[in-house]
Amino acid sequence: MKCVSIKGKREFEIREVAEPIAENGEVIIDVKKCGICGSDIHYWESGEPVGLILGHEYVGVVMNPGNREDLKVGDRVTALPISPCMKCSACETGNLQYCTQTWTKATGLSLAYPGALAPKMKVHSDMVVKVPDTISDNEVAMVEPTAVGLHAIHLADIKVGQKVLVVGGGIIGLVSAMFAKKEGASYVALSETNKARGEKAVELGVADEWLDANSSMIETALSKTNSGFDIVIECCGNEPAVTSSILCVKPGGKIVLVGVASEPIMVPTVLSVMKEVTMQGAIAYTKDEFVTCIDLIANKHIDVLKFVDDTVGLEDVQKSYERLTSGSNSAVKILVDPNK
Ligand SMILES: NC(=O)c1ccc[n+]([C@@H]2O[C@H](COP(=O)([O-])OP(=O)(O)OC[C@H]3O[C@@H](n4cnc5c(N)ncnc54)[C@H](O)[C@@H]3O)[C@@H](O)[C@H]2O)c1
Ligand SMILES: [Zn+2]
Ligand SMILES: [Zn+2]
C-alpha cells in the first residue's frame with residue numbers, strides 16, 4: 001500500500017509499504033480521514049525519524065478486531081494514540097498520559113506503530129474507541145485535538161467572569177478558546193503572529209478579540225485587562241510565546257503550558273517569581289476526556305467542523321504541511337483521506 005513518510009527536514013516521500021499485520025492482538029483499521037496536527041509539524045520540520053508515518057487524529061473502519069471481543073468488522077472507530085503499560089501507578093489512577101511508556105510506541109508518533117497517513121494501520125487494541133452514528137467522519141478526526149483543548153481547560157480551572165488569553169491560534173489554541181468561553185470566561189483574547197489566523201479566531205466566534213503578537217501586544221493586553229489575564233493558555237511552545245504568556249498573566253494568575261518546545265528555551269522566570277505565577281503543564285488528555293469530546297460533538301454541544309479547512313489525498317500532504325506553516329495562510333486544520 002502507498003503511504004507518506006518523513007524523508008528529511010520539511011520533506012515527505014510517498015512510498016510503498018507492506019500492509020499492517022496484527023501481531024499482538026492489535027486492531028487493524030481501514031483509515032477514512034486523518035488530521036494534520038501541530039505536533040506532526042514538529043517531526044516534519046526536524047526531519048526525524050526518517051521513515052516515520054505520521055497521523056494520530058483519525059477515523060476508520062475495523063477490518064480485524066484483534067483481541068477486542070466487543071468490536072466487529074465494519075465498526076467505525078478512532079483511538080487514543082498512546083501506548084500505556086496499564087500496570088504502573090499512573091495507569092492505575094487513570095492518568096495514562098503520565099505513563100513513562102505511553103509515548104514510546106504511540107501510534108503515528110513512533111516507528112513501531114505507523115500512523116494514519118496510509119490506507120491501513122494497526123492500533124493498540126485497548127485504546128480503540130467505537131464511535132456513534134451521530135458523529136461524522138470529519139468530526140471523529142477532530143476528537144483528538146479537541147481533547148487536548150478540553151484537558152488544558154480542565155487544568156486551567158477557569159471561574160465564571162475571568163479573563164483568558166490564548167497564545168497561538170492553531171487548532172489547539174482555537175479549541176482551548178472555544179472551551180474557555182463555555183467555562184464562562186468574560187473576555188477571551190487570542191494572540192497570533194499570523195494575521196489571517198488571528199482574524200479567523202474572531203470570525204469563528206471563539207475569541208472576542210485577537211492581539212497581534214508582532215506588535216506591542218503586551219501594552220494592549222495589560223490595558224484591556226487592567227493588570228493582566230487571570231489565565232493564559234500557551235499553545236505554541238516557542239520562546240516569544242512563553243515569554244508573552246509570562247508578561248500578560250496577572251500577578252497570582254495561572255499559565256497552562258500546552259505548546260511543545262522541541263529544544264530548551266530561555267524565558268524570564270524572574271517575572272513568574274515576582275508575580276507568583278502558577279505554571280501548569282498539560283499533556284494530552286485522560287481517556288474520559290477523549291470520550292467526553294466524542295459525546296460533546298455527537299450531541300452537537302460543540303461545532304468542530306468549522307475548524308476544518310480542506311481535505312486532501314496523500315499526494316497533497318507535502319503541499320498541505322507547507323500551507324499550514326506558511327505563517328500567513330488562514331488554514332488551521334487539513335484532513336487527509338488516504339484513499340482519495
Ligand atoms: N501538550 C500536548 O499534549 C499537546 C498536544 C497537541 C499539540 N501540542 C502542541 O501545541 C502547540 C500548538 O499545536 P497546534 O496544532 O495548534 O499548532 P500550530 O502550529 O498549528 O499553531 C501554533 C500557532 O502559534 C502561532 N504562533 C507562533 N509564535 C507565536 C507567538 N509568539 N505568539 C502568538 N502566536 C504564535 C503560529 O502562527 C501558529 O498559528 C504545538 O507546539 C503542539 O506541538 C501539545
Ligand atoms: Zn494531535
Ligand atoms: Zn503505565
# chains A, B, ... in the order shown; residues from 1 in each chain; ligands from 1

$ residues_around --residues "Ala298 in chain A" --least-positions-apart "2" --cutoff "6 Å" --atoms "only C-alpha atoms" --output "list of chain:residue names"
A:Thr134, A:Ile135, A:Ile294, A:Asp295, A:Leu296, A:Lys300

$ residues_around --residues "Tyr187 in chain A" --least-positions-apart "5" --cutoff "8 Å" --atoms "only C-alpha atoms" --output "PyMOL selection string"
chain A and resi 161-164+181+207-208

$ closest_atom_pairs --of "chain A" --to "ligand 2" --cutoff "9 Å" --atoms "only C-alpha atoms and all ligand atoms" --output "CSV"
residue,atom,partner,partner_atom_place_in_ligand_line,distance
A:Gly35,CA,ligand 2,1 (Zn),7.7
A:Ile36,CA,ligand 2,1 (Zn),7.3
A:Cys37,CA,ligand 2,1 (Zn),4.5
A:Gly38,CA,ligand 2,1 (Zn),6.6
A:Ser39,CA,ligand 2,1 (Zn),6.1
A:Asp40,CA,ligand 2,1 (Zn),7.2
A:Gly55,CA,ligand 2,1 (Zn),8.1
A:His56,CA,ligand 2,1 (Zn),6.2
A:Glu57,CA,ligand 2,1 (Zn),5.8
A:Pro81,CA,ligand 2,1 (Zn),8.9
A:Met142,CA,ligand 2,1 (Zn),8.9
A:Glu144,CA,ligand 2,1 (Zn),6.0
A:Pro145,CA,ligand 2,1 (Zn),5.1
A:Thr146,CA,ligand 2,1 (Zn),8.9
A:Val148,CA,ligand 2,1 (Zn),7.8
A:Ile172,CA,ligand 2,1 (Zn),8.6
A:Ala284,CA,ligand 2,1 (Zn),8.6

$ closest_atom_pairs --of "chain A" --to "ligand 1" --cutoff "6 Å" --atoms "only C-alpha atoms and all ligand atoms" --output "Markdown table"
| residue | atom | partner | partner_atom_place_in_ligand_line | distance |
| --- | --- | --- | --- | --- |
| A:Cys37 | CA | ligand 1 | 15 (O) | 4.7 |
| A:Gly38 | CA | ligand 1 | 15 (O) | 3.1 |
| A:Ser39 | CA | ligand 1 | 43 (O) | 3.6 |
| A:Val148 | CA | ligand 1 | 5 (C) | 5.5 |
| A:Val167 | CA | ligand 1 | 33 (C) | 4.9 |
| A:Gly168 | CA | ligand 1 | 34 (N) | 3.6 |
| A:Gly169 | CA | ligand 1 | 39 (O) | 4.7 |
| A:Gly170 | CA | ligand 1 | 16 (O) | 3.2 |
| A:Ile171 | CA | ligand 1 | 16 (O) | 4.1 |
| A:Ile172 | CA | ligand 1 | 16 (O) | 3.9 |
| A:Gly173 | CA | ligand 1 | 16 (O) | 5.5 |
| A:Ser191 | CA | ligand 1 | 33 (C) | 4.7 |
| A:Glu192 | CA | ligand 1 | 34 (N) | 3.6 |
| A:Thr193 | CA | ligand 1 | 34 (N) | 4.8 |
| A:Asn194 | CA | ligand 1 | 37 (O) | 4.7 |
| A:Ala213 | CA | ligand 1 | 32 (N) | 4.9 |
| A:Cys235 | CA | ligand 1 | 12 (C) | 4.5 |
| A:Cys236 | CA | ligand 1 | 11 (C) | 4.3 |
| A:Gly237 | CA | ligand 1 | 41 (O) | 4.9 |
| A:Pro240 | CA | ligand 1 | 31 (N) | 4.5 |
| A:Ala241 | CA | ligand 1 | 31 (N) | 3.7 |
| A:Val258 | CA | ligand 1 | 1 (N) | 4.0 |
| A:Gly259 | CA | ligand 1 | 10 (O) | 3.6 |
| A:Val260 | CA | ligand 1 | 41 (O) | 4.0 |
| A:Ala282 | CA | ligand 1 | 1 (N) | 5.1 |
| A:Ile283 | CA | ligand 1 | 3 (O) | 3.6 |
| A:Ala284 | CA | ligand 1 | 3 (O) | 3.5 |
| A:Gly327 | CA | ligand 1 | 37 (O) | 5.6 |
| A:Val332 | CA | ligand 1 | 20 (O) | 5.9 |

$ closest_atom_pairs --of "chain A" --to "ligand 3" --cutoff "6 Å" --atoms "only C-alpha atoms and all ligand atoms" --output "JSON lines"
{"residue": "A:Pro84", "atom": "CA", "partner": "ligand 3", "partner_atom_place_in_ligand_line": "1 (Zn)", "distance": 4.8}
{"residue": "A:Cys85", "atom": "CA", "partner": "ligand 3", "partner_atom_place_in_ligand_line": "1 (Zn)", "distance": 3.9}
{"residue": "A:Met86", "atom": "CA", "partner": "ligand 3", "partner_atom_place_in_ligand_line": "1 (Zn)", "distance": 4.7}
{"residue": "A:Lys87", "atom": "CA", "partner": "ligand 3", "partner_atom_place_in_ligand_line": "1 (Zn)", "distance": 5.2}
{"residue": "A:Cys88", "atom": "CA", "partner": "ligand 3", "partner_atom_place_in_ligand_line": "1 (Zn)", "distance": 4.1}
{"residue": "A:Ala90", "atom": "CA", "partner": "ligand 3", "partner_atom_place_in_ligand_line": "1 (Zn)", "distance": 5.6}
{"residue": "A:Cys91", "atom": "CA", "partner": "ligand 3", "partner_atom_place_in_ligand_line": "1 (Zn)", "distance": 4.4}
{"residue": "A:Cys99", "atom": "CA", "partner": "ligand 3", "partner_atom_place_in_ligand_line": "1 (Zn)", "distance": 4.0}

$ write_last_selection --atoms "N, CA and C atoms" --output "PDB file, in the first residue's frame"
ATOM      1  N   PRO A  84       0.054   3.081  26.795  1.00  0.00           N
ATOM      2  CA  PRO A  84       0.341   2.941  28.228  1.00  0.00           C
ATOM      3  C   PRO A  84       0.549   1.479  28.629  1.00  0.00           C
ATOM      4  N   CYS A  85       1.321   1.280  29.734  1.00  0.00           N
ATOM      5  CA  CYS A  85       1.620  -0.100  30.171  1.00  0.00           C
ATOM      6  C   CYS A  85       0.434  -0.726  30.896  1.00  0.00           C
ATOM      7  N   MET A  86      -0.460   0.108  31.450  1.00  0.00           N
ATOM      8  CA  MET A  86      -1.641  -0.310  32.208  1.00  0.00           C
ATOM      9  C   MET A  86      -1.292  -0.992  33.544  1.00  0.00           C
ATOM     10  N   LYS A  87      -0.032  -0.876  33.977  1.00  0.00           N
ATOM     11  CA  LYS A  87       0.384  -1.542  35.228  1.00  0.00           C
ATOM     12  C   LYS A  87       0.947  -0.548  36.239  1.00  0.00           C
ATOM     13  N   CYS A  88       1.523   0.569  35.769  1.00  0.00           N
ATOM     14  CA  CYS A  88       2.205   1.490  36.693  1.00  0.00           C
ATOM     15  C   CYS A  88       1.180   2.313  37.477  1.00  0.00           C
ATOM     16  N   ALA A  90       0.626   5.490  37.460  1.00  0.00           N
ATOM     17  CA  ALA A  90      -0.085   6.464  36.620  1.00  0.00           C
ATOM     18  C   ALA A  90      -1.246   5.779  35.910  1.00  0.00           C
ATOM     19  N   CYS A  91      -0.989   4.629  35.325  1.00  0.00           N
ATOM     20  CA  CYS A  91      -2.033   3.903  34.601  1.00  0.00           C
ATOM     21  C   CYS A  91      -3.149   3.477  35.549  1.00  0.00           C
ATOM     22  N   CYS A  99       2.134   7.832  31.971  1.00  0.00           N
ATOM     23  CA  CYS A  99       2.871   6.563  31.965  1.00  0.00           C
ATOM     24  C   CYS A  99       4.170   6.763  31.174  1.00  0.00           C
TER      25      CYS A  99
END

$ residues_around --residues "Asn64 in chain A" --least-positions-apart "4" --cutoff "9 Å" --atoms "only C-alpha atoms" --output "JSON, numbers by chain"
{"A": [22, 26, 27, 28, 29, 71, 72, 73, 74]}

$ write_last_selection --atoms "C-alpha atoms" --output "PDB file, in the first residue's frame"
ATOM      1  CA  ALA A  22      -1.687  -7.771  13.892  1.00  0.00           C
ATOM      2  CA  GLU A  26      -3.962  -5.111  17.621  1.00  0.00           C
ATOM      3  CA  VAL A  27      -6.990  -3.803  15.765  1.00  0.00           C
ATOM      4  CA  ILE A  28      -6.479  -3.303  12.018  1.00  0.00           C
ATOM      5  CA  ILE A  29      -8.244  -0.229  10.686  1.00  0.00           C
ATOM      6  CA  LEU A  71     -15.675  -4.944  18.210  1.00  0.00           C
ATOM      7  CA  LYS A  72     -16.632  -6.371  14.833  1.00  0.00           C
ATOM      8  CA  VAL A  73     -15.586  -5.871  11.232  1.00  0.00           C
ATOM      9  CA  GLY A  74     -17.185  -2.673   9.895  1.00  0.00           C
TER      10      GLY A  74
END

$ closest_residue --among "A:Val291, A:Leu117, A:Leu165, A:Ala79" --to "Glu16 in chain A" --atoms "only C-alpha atoms"
A:Leu117

$ atom_distance --atom1 "CA of Lys7 in chain A" --atom2 "CA of Leu80 in chain A"
25.7 Å

$ select_by_dssp --residues "range 87-261 of chain A" --states "helix (DSSP H, G or I)" --output "PyMOL selection string"
chain A and resi 89-92+96-98+125-127+137-141+143-156+171-182+195-203+217-225+239-248

$ select_by_dssp --residues "range 87-171 of chain A" --states "strand (DSSP E)" --output "list in words"
Lys120, Met121, Lys122, Val123, Val128, Val129, Lys130, Lys163, Val164, Leu165, Val166 and Val167 of chain A

$ atom_distance --atom1 "CA of Val140 in chain A" --atom2 "CA of Ile14 in chain A"
25.2 Å

$ closest_residue --among "A:Val175, A:Leu204, A:Pro338, A:Tyr321" --to "His42 in chain A" --atoms "only C-alpha atoms"
A:Tyr321

$ closest_residue --among "A:Thr311, A:Ser215, A:Ser262, A:Thr286" --to "Tyr98 in chain A" --atoms "only C-alpha atoms"
A:Thr286

$ closest_residue --among "A:Cys3, A:Ala112, A:Val270, A:Ile231" --to "Val256 in chain A" --atoms "only C-alpha atoms"
A:Ile231

$ closest_residue --among "A:Ile41, A:Leu150, A:Leu324, A:Val59" --to "Arg197 in chain A" --atoms "only C-alpha atoms"
A:Leu324
